[in-house]
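This is upload.cif (mmCIF, C-alpha atoms).
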data_start
#
loop_
_atom_site.label_atom_id
_atom_site.label_comp_id
_atom_site.auth_asym_id
_atom_site.auth_seq_id
_atom_site.Cartn_x
_atom_site.Cartn_y
_atom_site.Cartn_z
CA MET A 1 100.68 74.23 83.58
CA ARG A 2 98.07 71.98 82.04
CA ASP A 3 96.12 72.79 78.92
CA LEU A 4 92.66 74.27 78.96
CA THR A 5 89.98 71.59 79.21
CA ILE A 6 86.25 71.66 78.49
CA ALA A 7 85.57 71.56 82.22
CA ASP A 8 87.80 74.59 82.64
CA LEU A 9 85.92 76.45 79.95
CA GLU A 10 82.58 75.68 81.58
CA ARG A 11 83.78 76.86 84.96
CA LEU A 12 85.29 79.86 83.23
CA ALA A 13 81.98 80.81 81.70
CA ALA A 14 80.11 80.25 84.95
CA GLY A 15 82.53 82.17 87.09
CA THR A 16 83.28 85.22 84.99
CA ASP A 17 80.25 87.32 85.88
CA ALA A 18 80.35 86.75 89.61
CA SER A 19 84.04 87.41 89.95
CA SER A 20 84.43 90.85 88.49
CA THR A 21 85.08 92.65 91.77
CA VAL A 22 88.00 90.66 93.18
CA PHE A 23 90.69 92.90 91.63
CA GLU A 24 90.83 96.62 91.07
CA MET A 25 91.63 96.17 87.38
CA ASP A 26 88.58 95.06 85.40
CA GLU A 27 88.67 92.14 83.01
CA HIS A 28 88.49 94.26 79.89
CA ALA A 29 91.51 96.34 80.90
CA PHE A 30 93.34 93.21 81.94
CA ARG A 31 92.76 91.53 78.59
CA ALA A 32 94.14 94.54 76.73
CA PHE A 33 97.17 94.73 78.99
CA TYR A 34 97.72 90.98 78.73
CA GLU A 35 97.61 91.03 74.94
CA ARG A 36 100.37 93.62 74.91
CA THR A 37 102.62 92.03 77.52
CA ALA A 38 102.09 88.26 77.72
CA ARG A 39 104.31 87.22 74.85
CA PRO A 40 107.36 89.33 75.75
CA LEU A 41 106.94 88.30 79.36
CA TRP A 42 106.75 84.61 78.51
CA VAL A 43 109.82 84.86 76.31
CA TYR A 44 111.68 86.68 79.09
CA LEU A 45 110.69 84.07 81.66
CA ALA A 46 111.52 81.18 79.34
CA ARG A 47 114.98 82.54 78.67
CA MET A 48 115.70 83.48 82.29
CA THR A 49 114.60 80.09 83.66
CA GLY A 50 115.53 77.91 80.71
CA SER A 51 112.19 76.14 80.84
CA GLY A 52 108.99 76.68 78.89
CA ASP A 53 106.92 74.88 81.51
CA LEU A 54 108.31 76.99 84.30
CA ALA A 55 107.69 80.09 82.19
CA ASP A 56 104.03 79.05 81.94
CA ASP A 57 103.71 78.80 85.71
CA LEU A 58 105.58 82.00 86.40
CA LEU A 59 103.55 83.87 83.78
CA GLN A 60 100.35 82.98 85.61
CA GLU A 61 101.82 83.83 89.00
CA SER A 62 103.23 87.14 87.71
CA TYR A 63 99.84 88.31 86.49
CA TYR A 64 98.17 87.10 89.66
CA ARG A 65 100.55 89.06 91.87
CA PHE A 66 100.27 92.07 89.60
CA LEU A 67 96.47 92.01 89.87
CA ARG A 68 96.47 91.34 93.61
CA ALA A 69 98.86 94.23 94.28
CA GLY A 70 96.23 96.57 92.87
CA ALA A 71 98.81 99.34 92.60
CA ARG A 72 97.99 102.54 90.79
CA HIS A 73 100.22 103.07 87.77
CA GLU A 74 101.12 106.32 86.09
CA GLY A 75 100.90 104.82 82.64
CA GLU A 76 101.45 101.82 80.43
CA ALA A 77 105.24 101.90 80.84
CA HIS A 78 104.97 101.98 84.62
CA ARG A 79 102.48 99.13 84.58
CA ARG A 80 104.75 97.11 82.35
CA HIS A 81 107.78 97.73 84.58
CA SER A 82 105.80 96.53 87.59
CA LEU A 83 104.86 93.33 85.82
CA PHE A 84 108.40 92.59 84.67
CA ARG A 85 109.74 93.41 88.11
CA ILE A 86 107.35 90.95 89.70
CA ALA A 87 108.40 88.33 87.15
CA THR A 88 112.09 89.03 87.79
CA ASN A 89 111.60 88.63 91.53
CA LEU A 90 109.75 85.36 91.00
CA VAL A 91 112.63 84.00 88.93
CA ARG A 92 115.11 85.11 91.59
CA ASP A 93 113.03 83.56 94.38
CA GLY A 94 112.86 80.31 92.45
CA ARG A 95 116.59 80.35 91.95
CA ARG A 96 117.18 80.98 95.66
CA ARG A 97 114.90 78.14 96.64
CA GLY A 98 116.65 75.88 94.15
CA SER A 99 113.50 75.12 92.25
CA ARG A 100 113.41 73.88 88.69
CA VAL A 101 115.20 76.92 87.28
CA ARG A 102 117.83 75.63 84.90
CA LEU A 103 120.71 77.85 84.03
CA VAL A 104 121.44 76.17 80.74
CA ALA A 105 118.55 76.28 78.31
CA LEU A 106 119.76 73.96 75.65
CA PRO A 107 117.42 73.80 72.69
CA ASP A 108 115.98 70.34 72.31
CA ALA A 109 117.30 69.55 75.79
CA ALA A 110 114.82 67.34 77.59
CA ALA A 111 112.09 65.08 76.30
CA GLY A 112 108.71 66.64 76.90
CA GLU A 113 110.16 70.10 77.25
CA ARG A 114 108.34 72.68 75.20
CA GLU A 115 110.00 73.26 71.90
CA LEU A 116 111.55 76.69 72.06
CA GLU A 117 112.89 76.65 68.58
CA ALA A 118 111.30 78.17 65.54
CA THR A 119 109.62 75.71 63.27
CA VAL A 120 112.11 76.38 60.51
CA ASP A 121 115.66 76.06 61.68
CA VAL A 122 118.23 76.49 58.98
CA GLY A 123 121.92 75.66 59.16
CA GLY A 124 123.61 76.27 62.46
CA ASP A 125 120.89 78.33 64.13
CA ALA A 126 120.27 75.67 66.76
CA GLN A 127 123.98 75.42 67.46
CA ARG A 128 124.29 79.19 67.76
CA ARG A 129 121.40 79.29 70.19
CA ALA A 130 122.90 76.46 72.20
CA ASP A 131 126.20 78.36 72.35
CA LEU A 132 124.34 81.47 73.45
CA ALA A 133 122.46 79.54 76.13
CA GLN A 134 125.65 78.06 77.49
CA ALA A 135 127.38 81.42 77.47
CA MET A 136 124.40 83.09 79.19
CA ALA A 137 124.42 80.36 81.83
CA ARG A 138 127.91 81.42 82.81
CA LEU A 139 126.81 84.97 83.54
CA LYS A 140 125.39 86.24 86.81
CA PRO A 141 121.57 86.30 86.89
CA ARG A 142 121.47 90.08 86.90
CA GLU A 143 123.82 90.22 83.92
CA ARG A 144 121.56 87.85 82.01
CA GLU A 145 118.47 89.87 82.86
CA MET A 146 120.13 93.11 81.91
CA LEU A 147 121.49 91.91 78.59
CA TRP A 148 118.18 90.34 77.60
CA LEU A 149 116.16 93.43 78.44
CA ALA A 150 118.62 95.73 76.69
CA TYR A 151 119.35 93.87 73.49
CA ALA A 152 116.60 91.29 73.01
CA GLN A 153 113.73 93.49 74.17
CA GLY A 154 115.30 96.84 73.35
CA GLN A 155 114.58 98.49 76.70
CA SER A 156 116.22 101.77 77.61
CA HIS A 157 118.54 102.10 80.58
CA SER A 158 115.85 103.76 82.67
CA ASP A 159 113.40 100.97 81.80
CA ILE A 160 115.96 98.37 82.83
CA ALA A 161 116.67 100.23 86.06
CA LEU A 162 112.98 100.23 86.96
CA THR A 163 112.52 96.59 86.06
CA LEU A 164 115.57 95.29 87.89
CA GLY A 165 115.53 97.72 90.80
CA VAL A 166 118.94 99.26 90.21
CA LYS A 167 120.01 102.86 89.72
CA THR A 168 119.80 104.13 86.16
CA ALA A 169 123.34 105.47 86.45
CA SER A 170 124.61 101.98 87.24
CA VAL A 171 122.95 100.31 84.28
CA ARG A 172 125.34 101.62 81.68
CA LEU A 173 128.42 100.36 83.47
CA LEU A 174 126.89 97.03 84.49
CA LEU A 175 125.61 96.51 80.99
CA PHE A 176 128.98 97.33 79.49
CA ARG A 177 130.71 94.78 81.71
CA ALA A 178 128.10 92.11 81.08
CA ARG A 179 128.29 92.67 77.36
CA ARG A 180 132.06 92.42 77.33
CA LYS A 181 131.86 89.19 79.32
CA LEU A 182 129.24 87.64 77.03
CA ALA A 183 131.08 88.73 73.90
CA GLY A 184 134.21 87.03 75.22
CA LEU A 185 132.31 83.82 75.94
CA LEU A 186 130.59 83.85 72.56
CA SER A 187 133.79 84.54 70.69
CA ARG A 188 135.40 81.54 72.33
CA ALA A 189 132.35 79.41 71.53
CA MET A 190 132.04 80.70 67.97
CA PRO A 191 135.49 81.63 66.70
CA GLY A 192 135.48 83.64 63.50
CA LYS A 193 132.17 85.36 64.24
CA GLY A 194 133.72 88.69 65.08
CA GLY A 195 134.11 90.05 68.56
CA ARG A 196 137.29 89.73 70.54
CA SER A 197 140.01 87.43 69.38
CA MET B 1 136.92 101.59 86.87
CA ASN B 2 134.92 103.93 89.07
CA GLU B 3 131.19 103.87 88.38
CA THR B 4 130.81 107.64 88.57
CA MET B 5 133.72 108.15 86.19
CA PHE B 6 132.36 105.80 83.58
CA GLU B 7 131.87 107.23 80.13
CA PRO B 8 130.47 105.44 77.11
CA ALA B 9 133.31 103.49 75.60
CA CYS B 10 132.31 104.41 72.08
CA ALA B 11 130.24 107.33 70.83
CA ARG B 12 128.92 105.31 67.90
CA GLU B 13 127.30 102.54 69.97
CA ASP B 14 123.81 103.93 69.55
CA GLU B 15 124.29 104.18 65.81
CA VAL B 16 125.32 100.51 65.64
CA LEU B 17 122.50 99.49 67.92
CA ASP B 18 119.95 101.29 65.75
CA MET B 19 121.24 99.40 62.69
CA LEU B 20 121.01 96.10 64.55
CA ALA B 21 117.51 96.82 65.85
CA ALA B 22 116.37 97.64 62.32
CA ARG B 23 118.05 94.42 61.18
CA GLN B 24 120.15 96.38 58.71
CA TRP B 25 123.44 94.96 59.90
CA PRO B 26 125.63 93.76 58.33
CA GLY B 27 125.31 95.41 54.97
CA GLY B 28 122.98 98.27 55.82
CA GLY B 29 125.57 100.55 57.36
CA ASP B 30 127.71 102.98 55.43
CA ALA B 31 131.34 102.14 54.74
CA ASP B 32 132.53 104.49 57.46
CA LEU B 33 130.48 102.72 60.16
CA THR B 34 131.51 99.29 58.89
CA THR B 35 135.16 100.26 59.08
CA HIS B 36 134.62 101.72 62.51
CA VAL B 37 133.05 98.50 63.83
CA GLU B 38 135.94 96.45 62.46
CA ARG B 39 138.39 98.57 64.41
CA CYS B 40 136.38 99.31 67.55
CA GLU B 41 136.39 96.52 70.11
CA THR B 42 133.38 97.90 71.96
CA CYS B 43 131.25 98.04 68.83
CA ARG B 44 132.39 94.57 67.78
CA ASP B 45 131.27 93.23 71.14
CA LEU B 46 127.99 95.04 70.73
CA VAL B 47 127.42 93.47 67.31
CA VAL B 48 128.23 89.95 68.55
CA VAL B 49 126.02 90.17 71.65
CA ALA B 50 123.09 92.07 70.18
CA THR B 51 122.95 89.91 67.07
CA ALA B 52 122.89 86.71 69.11
CA LEU B 53 120.25 88.00 71.50
CA VAL B 54 118.02 89.46 68.81
CA ASP B 55 118.10 86.17 66.88
CA ASP B 56 117.34 84.19 70.03
CA HIS B 57 114.52 86.54 70.94
CA GLN B 58 112.97 86.17 67.52
CA SER B 59 113.16 82.39 67.75
CA ALA B 60 111.57 82.29 71.21
CA TRP B 61 108.93 84.81 70.17
CA THR B 62 107.89 82.61 67.27
CA ALA B 63 107.68 79.53 69.49
CA ALA B 64 105.91 81.22 72.44
CA ARG B 65 102.41 79.93 73.14
CA VAL B 66 100.76 81.95 75.86
CA PRO B 67 97.44 80.94 77.43
CA PRO B 68 94.32 82.95 76.54
CA PRO B 69 93.74 86.01 78.75
CA ALA B 70 90.37 84.69 79.95
CA LEU B 71 92.05 81.63 81.41
CA VAL B 72 94.75 83.63 83.17
CA TRP B 73 92.09 86.01 84.51
CA TRP B 74 89.90 83.15 85.75
CA ARG B 75 92.81 81.36 87.44
CA ALA B 76 93.85 84.58 89.14
CA GLN B 77 90.29 85.16 90.35
CA THR B 78 90.03 81.62 91.65
CA LYS B 79 93.31 81.88 93.48
CA ALA B 80 92.34 85.23 94.98
CA ARG B 81 89.09 83.75 96.29
CA GLU B 82 90.89 80.74 97.74
CA GLU B 83 93.34 83.01 99.51
CA ALA B 84 90.48 85.14 100.85
CA ALA B 85 88.75 82.02 102.16
CA ARG B 86 91.96 80.89 103.84
CA ALA B 87 92.40 84.31 105.42
CA ALA B 88 88.80 84.23 106.66
CA ALA B 89 89.29 80.76 108.09
CA ARG B 90 92.27 81.79 110.18
CA PRO B 91 90.19 83.32 113.04
CA ILE B 92 87.94 80.28 112.90
CA ALA B 93 90.91 77.98 113.39
CA PHE B 94 91.96 80.19 116.28
CA ALA B 95 88.49 79.92 117.83
CA GLN B 96 88.58 76.16 117.37
CA GLY B 97 91.88 76.05 119.20
CA ILE B 98 90.36 78.00 122.07
CA ALA B 99 87.38 75.63 122.10
CA ALA B 100 89.63 72.59 122.15
CA ALA B 101 91.70 74.03 124.97
CA SER B 102 88.53 74.82 126.91
CA ALA B 103 87.30 71.27 126.41
CA VAL B 104 90.57 69.85 127.69
CA TRP B 105 90.44 72.17 130.65
CA LEU B 106 86.87 71.06 131.36
CA VAL B 107 87.79 67.37 131.25
CA VAL B 108 90.80 67.86 133.49
CA SER B 109 88.65 69.77 135.95
CA LEU B 110 86.07 67.01 135.83
CA LEU B 111 88.64 64.34 136.59
CA ARG B 112 90.16 66.31 139.41
CA SER B 113 86.82 67.10 140.99
CA SER B 114 85.57 63.53 140.88
CA HIS B 115 88.69 62.11 142.59
CA TRP B 116 88.69 59.43 139.91
CA GLN B 117 89.37 56.10 141.57
CA GLY B 118 87.28 53.67 139.52
CA THR B 119 84.04 54.54 141.27
CA PHE B 120 82.80 57.51 139.33
CA ASP B 121 79.53 59.08 140.44
CA TRP B 122 77.98 60.19 137.12
CA ARG B 123 75.00 61.87 138.72
CA GLY B 124 76.91 64.40 140.70
CA TRP B 125 79.90 65.09 138.39
CA GLY B 126 78.45 68.19 136.80
CA SER B 127 77.86 69.84 140.10
CA ARG B 128 81.28 68.91 141.34
CA VAL B 129 82.93 70.31 138.23
CA ALA B 130 80.99 73.48 138.74
CA GLU B 131 82.17 73.59 142.32
CA SER B 132 85.76 73.06 141.23
CA ILE B 133 85.65 75.95 138.78
CA PRO B 134 85.54 79.24 140.63
CA ASP B 135 84.06 81.22 137.65
CA VAL B 136 81.24 78.80 137.06
CA HIS B 137 80.61 78.05 140.69
CA ALA B 138 78.13 80.86 141.25
CA THR B 139 76.22 80.06 138.05
CA ALA B 140 76.03 76.38 138.84
CA GLY B 141 74.67 77.22 142.22
CA VAL B 142 71.94 79.39 140.76
CA ILE B 143 70.90 77.23 137.86
CA PRO B 144 69.43 73.89 138.80
CA GLY B 145 71.13 71.03 136.98
CA GLY B 146 74.79 72.00 136.59
CA LEU B 147 75.30 69.09 134.18
CA THR B 148 72.81 70.43 131.62
CA PHE B 149 74.34 73.83 131.87
CA LEU B 150 77.84 72.60 131.23
CA ILE B 151 76.77 70.46 128.26
CA VAL B 152 75.03 73.40 126.64
CA VAL B 153 77.99 75.73 127.19
CA GLY B 154 80.53 73.17 126.01
CA GLY B 155 78.49 72.22 122.94
CA SER B 156 78.02 75.82 121.91
CA LEU B 157 81.70 76.47 122.31
CA ALA B 158 82.56 73.53 120.09
CA LEU B 159 79.93 74.21 117.42
CA ALA B 160 80.30 77.98 117.13
CA PRO B 161 83.42 77.92 114.90
CA LEU B 162 81.78 75.34 112.64
CA ALA B 163 78.69 77.52 112.27
CA LEU B 164 80.92 80.53 111.54
CA LEU B 165 82.78 78.54 108.88
CA ILE B 166 79.50 77.59 107.18
CA VAL B 167 78.29 81.20 107.18
CA VAL B 168 81.57 82.57 105.80
CA GLY B 169 81.61 79.89 103.11
CA ALA B 170 78.07 80.78 102.06
CA VAL B 171 78.93 84.49 101.90
CA LEU B 172 82.02 83.83 99.77
CA ARG B 173 80.05 81.63 97.40
CA GLU B 174 77.46 84.38 96.97
CA GLU B 175 80.19 86.90 96.16
#
Kindly present the structure from the file in structure tokens form.
Amino acid sequence: MRDLTIADLERLAAGTDASSTVFEMDEHAFRAFYERTARPLWVYLARMTGSGDLADDLLQESYYRFLRAGARHEGEAHRRHSLFRIATNLVRDGRRRGSRVRLVALPDAAAGERELEATVDVGGDAQRRADLAQAMARLKPREREMLWLAYAQGQSHSDIALTLGVKTASVRLLLFRARRKLAGLLSRAMPGKGGRS
Amino acid sequence: MNETMFEPACAREDEVLDMLAARQWPGGGDADLTTHVERCETCRDLVVVATALVDDHQSAWTAARVPPPALVWWRAQTKAREEAARAAARPIAFAQGIAAASAVWLVVSLLRSSHWQGTFDWRGWGSRVAESIPDVHATAGVIPGGLTFLIVVGGSLALAPLALLIVVGAVLREE
């Protein structure tokens, strides 16, 4: 996704008034919803695809599909689940089509790739994140999604079930298995950091 | 392990998770919980996985640069309009196909009716085409100048989709 240019801004200003009736959600409501969800969604997409650029594209497409669907939502949580579900399906579709989705998101991997690291990186943080990325890459996509939503984003089992389209009763077991698998991989990658020996 | 028989492997998982979420682990928990985690494989796994993911999340969160909402909104609007225009153009393309097929049919009829052998009689071809087409035959007989009639009908048929496209485009621009 390219950066915003002056020409874009001009067209943006010219087109805003005339375009307010294309979607059911109005621009004001969209802005508020976007402010609350864009960052966690981008982070989710970046980690599930392993690419900041792809996360940019999928972020735009997720919001577009969300707006176009025009579904009525019972509340903020429901709206948020819909958005994350759309994003999850986009990532899965991309993976099926063999697009640019990379399973290993090594920090500092490719030249030109957006820098995913924090500006201050002390000690072995980068190495730990690289180990995590490699371990995550060895999991099934659904395991990755589930672990990220549960532990990185702190979602409840019912939230995860709604986002991933699985039964709530299944989440606990699937999550337990995924966690055990990841812990095993991490322990092998980082011996002496706890976990299984 | 049967899914329906599954029980939480450790009753203290939530307690550990709360400590991790509040970033009070290690060090923030009481001695009893610390001892428990050292002995409980499930809780040790939880600490390893959750710590790694929380750290990674924080790092990605800091680095995330999302586009402004106005830009995302504008791009979505633009794409929606483009899709609407494409959807509106579909019947036009269909009509153009019909027009093209009709034109081909007309030409074939013309060639057949004129018994093309290198000596084509341009003056009488319209009438002969009209004679060769059962549906148009009666009309051609009534209206003097079958050639003019066919040109008008054919031209309208070819230009109608174009006119429709222009009108739809103008309406979409106004919206």
Residues of chain B within 6 Å of chain A: nearest atom pair and distance (Å, one decimal) for each, counting all atoms listed in the file, sorted by chain and number, as a Markdown table?
| residue | atom | partner | partner_atom | distance |
| --- | --- | --- | --- | --- |
| B:Arg44 | CA | A:Gly195 | CA | 4.9 |
| B:Asp45 | CA | A:Gly195 | CA | 5.0 |
| B:Val48 | CA | A:Gly195 | CA | 5.9 |
| B:Val49 | CA | A:Ala183 | CA | 5.7 |
| B:Ala50 | CA | A:Tyr151 | CA | 5.3 |
| B:Leu53 | CA | A:Ala152 | CA | 5.1 |
| B:Val54 | CA | A:Ala152 | CA | 4.8 |
| B:His57 | CA | A:Ala152 | CA | 5.6 |
| B:Ser59 | CA | A:Ala118 | CA | 5.1 |
| B:Ala60 | CA | A:Leu116 | CA | 5.7 |
| B:Thr62 | CA | A:Ala118 | CA | 5.9 |
| B:Ala63 | CA | A:Leu116 | CA | 5.4 |
| B:Pro69 | CA | A:Arg31 | CA | 5.6 |
| B:Ala76 | CA | A:Tyr64 | CA | 5.0 |
As a check of understanding: the span from CA of Leu54 in chain A to CA of Val66 in chain B is 12.4 Å
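Distances here use all atoms listed in the file; by that measure, the residue among A:Leu45, A:Arg188, A:Glu24, A:Thr168 closest to Phe84 in chain A is A:Leu45.
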Give the centre and edge lengths of an axis-aligned box, in Å to one decimal, that holds all listed atoms of range 89-105 of chain B with 3 Å on each side, as JSON.
{"center_x": 89.8, "center_y": 76.6, "center_z": 119.4, "size_x": 11.0, "size_y": 19.5, "size_z": 28.6}
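Across the chains present, the PyMOL selection byres ((chain B and resi 16) around 9) applied to this file returns Arg12, Glu13, Asp14, Glu15, Leu17, Asp18, Met19, Leu20, Ala21, Trp25, Gly29, Leu33, Val37, Cys43, Leu46 and Val47 of chain B.
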Emit the selected residues as an mmCIF file, keeping the file's coordinate frame, including C-alpha atoms.
data_model
loop_
_atom_site.group_PDB
_atom_site.id
_atom_site.type_symbol
_atom_site.label_atom_id
_atom_site.label_comp_id
_atom_site.auth_asym_id
_atom_site.auth_seq_id
_atom_site.Cartn_x
_atom_site.Cartn_y
_atom_site.Cartn_z
ATOM 1 C CA ARG B 12 128.920 105.310 67.900
ATOM 2 C CA GLU B 13 127.300 102.540 69.970
ATOM 3 C CA ASP B 14 123.810 103.930 69.550
ATOM 4 C CA GLU B 15 124.290 104.180 65.810
ATOM 5 C CA LEU B 17 122.500 99.490 67.920
ATOM 6 C CA ASP B 18 119.950 101.290 65.750
ATOM 7 C CA MET B 19 121.240 99.400 62.690
ATOM 8 C CA LEU B 20 121.010 96.100 64.550
ATOM 9 C CA ALA B 21 117.510 96.820 65.850
ATOM 10 C CA TRP B 25 123.440 94.960 59.900
ATOM 11 C CA GLY B 29 125.570 100.550 57.360
ATOM 12 C CA LEU B 33 130.480 102.720 60.160
ATOM 13 C CA VAL B 37 133.050 98.500 63.830
ATOM 14 C CA CYS B 43 131.250 98.040 68.830
ATOM 15 C CA LEU B 46 127.990 95.040 70.730
ATOM 16 C CA VAL B 47 127.420 93.470 67.310
#
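Across the structure, CA of Gly169 in chain B and CA of Gln96 in chain B are spaced 16.3 Å apart.
Reported to one decimal place, the separation of CA of Ala161 in chain A from CA of Ala77 in chain A is 12.7 Å.
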Might you spell out which residues the PyMOL selection byres ((chain B and resi 85) around 12) would select in the displayed file, as a ChimeraX atom specification? /B:78-84,86-92,165-173,175
